[in-house]
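This report refers to the structure that appears directly beneath it.
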Amino acid sequence: MKPLSLLIEILIILGVTIKTIKAEEHSKRQKERNVTTQVSVNEIKQYLSHILEQRTSSSVINKRENLEKKNQRKIRIKGIQNKDILKRNKNNLQKQAEKNFTDEGDQLFKMGIKVLQQSKSQKQKEEAYLLFAKAADMGNLKAMEKMADALLFGNFGMQNITAAIQLYESLAKEGSCKAQNALGFLSSYGIGMEYDQAKALTYYTFGSAGGNMMSQMILGYRYLSGINVLQNCEVALSYYKKVADYIADTFEKSEGVPVEKKALHYFLKAAKAGSANAMAFIGKMYLEGNAAAPQNNATAFKYFSMAASKGNAIGLHGLGLLYFYGKGVPVNYAEALIYFQKAAEKGWPDAQFQLGFMYYSGSGIQKDYKLAFKYFYLASQSGQPLAIYYLAKMYATGTGVVRSCRTAVELYKGVCELGHWAEKFLTAYFAYKDGDIDSSLVQYALLAEMGYEVAQSNSAFILESKKANIFEKEKMYPVALLLWNRAAIQGNAFARVKIGDYHYYGYGTNKDYQTAATHYSIAADKYHNAQAMFNLAYMYEHGLGIAKDIHLARRLYDMAAQRSPDAHIPVLFALMKLETTHLLRDILFFNFTTRWNWLKSDNTVGPHWDLFVISLIVAGLILLLRNHHG
């Protein structure tokens, strides 16, 4: 056979082979588009089981090799002796097959994300995870991360910590920073892994270096609080700033919350009825653009103007934005400034922020950091995230204010806590309400690790209830005490009282009345907590860990009652017991020098004499009530 005719024959066969591959690919894609809605959790679990087998046996590689062999067989031609041509064609087919394999996994993953974003029911979410499972089965790393998270957090009742760790460890070897973060979290708590803070810190460091924002936030919190590292505000600042920069950028590019056509319909009806707020929100919808109201600057200007003519702050702010960015009108900073000032005077925080930004950046006016600070501060009081971000920036650099690393970190931390990961609060809450305690605990614990004070308290509460199964019983109180302590440091008064309780009763630590009294004193003096006052009063009454002081005990009991209506009855009984005890002593111990030692309550009825006195009081009250009714 002549070389030319041989080459032509090979090219024809190659063309047929590529067409066959494309046809198979198209067929698979079509099947994926027609995914049945009859998805079961068992089906997802089957894929998960297969994925885990793949990671241990490297069957993804085998699958690719099998696909390559299949394609090789298709191009075997009797009599072909030109090995160079065959080798080149083989390499091309291998690359094409691998690309098709990877592309299909990517497409399935993207389809899963789209379904998940649009899902409104549990069934639709399960469909999304089935797509992730199929993509993961084809070696898609992002899909594998999704499935590992599902195993860790217990999505759809699939929680399996051991399997999650197996998958995360495999992903970490392939450079997944998300897996590094998850392994750091699990090592930090000793969930399914050995409790090892040094290893956790290493995982977090690698996760942060790979760009994982959760790892960066965790490291920021650790350096801020000195958790297993030397406390270092400047290092904490660098970590928190990275995350805050990303979140601020997200807010600046935000296109607003998608609004359904129904909502637009009702806004239009309200606007026709004269509602200035409805007019302003319609303008906002058209300015940002969405499925219901396609972006249209002219329409936005129309509705903002209608609202502004009625003195509406949102409408005034909207017109300011149009002039500031030149949307549908020429850029006019002077006009924008006027509208922002009018809206800011009415207390609209977004307008206050915009004024601050104009003075901060010198947009159309002379820079004035004092005025910038003023307006950023006003807007921050209403929780305006970008205003908080720019305040942090000013404190971090000492722009217009005295530089304060601590203040900058606290402000950046507040911005960071607005990240998408905060959505876990909702899923953790519903998991707890549904009785899925382990799933709830894992989610709260991760948020606690990131520095959320509320999550620290919630995690500690779940742990001390001893309902979780992912912790050994003897570890629950020590870990809960650690979390209560972290929450208390962040200003949670209830957590401070709980630390006192743990030391008083010896939960997760040794009994230590002195330390308990110290924590109760902090909660009472700094936060005026009624429970702490009551507990401290009891300790002063009995001289537990502190010098006995009846007068101070009375005073603290009274303060507890004044502070909280719920404390009235406990305080009443405590004071009745205290006063009755001392009245009996005054009556019986008339010899003030010897005090009738043989009648002393501690000697007569033992160490629990106070319970005996309470019993006498209750008995006396019962007799009085019976005589009254008689």
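Each chain in the structure tokens gets a letter, A, B, ..., in the order shown, and its residues are numbered from 1; ligands are numbered from 1 in order too.
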If you run DSSP on the backbone, which residues of stretch 186-236 of chain A are alpha helix (DSSP H), as a PyMOL selection string?
chain A and resi 186-189+197-209+213-225+233-236
I want to know what sits within 8 Å of stretch 332-347 of chain A, based on only C-alpha atoms, with residues of the same chain fewer than 4 positions away left out; could you give that as a PyMOL selection string?
chain A and resi 312-314+316-317+319-324+326+351-352+354-355+363-365
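When only C-alpha atoms are used to measure the gap to A:Ser404, the shortest distance among A:Ser439, A:Leu391, A:Ala431, A:Ala292 belongs to A:Leu391.
Minimum atom-to-atom distances from A:Phe430, A:Phe132, A:Tyr246, A:Phe109 to A:Leu386 were compared using only C-alpha atoms, and the lowest value belongs to A:Tyr246.
Taking atom CA of A:Leu167 and atom CA of A:Ala179 as the two end points, the separation is 8.5 Å.
The space separating atom CA of A:Ala422 from atom CA of A:Glu449 comes to 12.6 Å.
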Neighbouring residues of A:Tyr504 were defined as those with any atom within 6 Å, considering only C-alpha atoms; residues of the same chain fewer than 5 positions away were excluded. Please report them as a PyMOL selection string.
chain A and resi 511-513+516
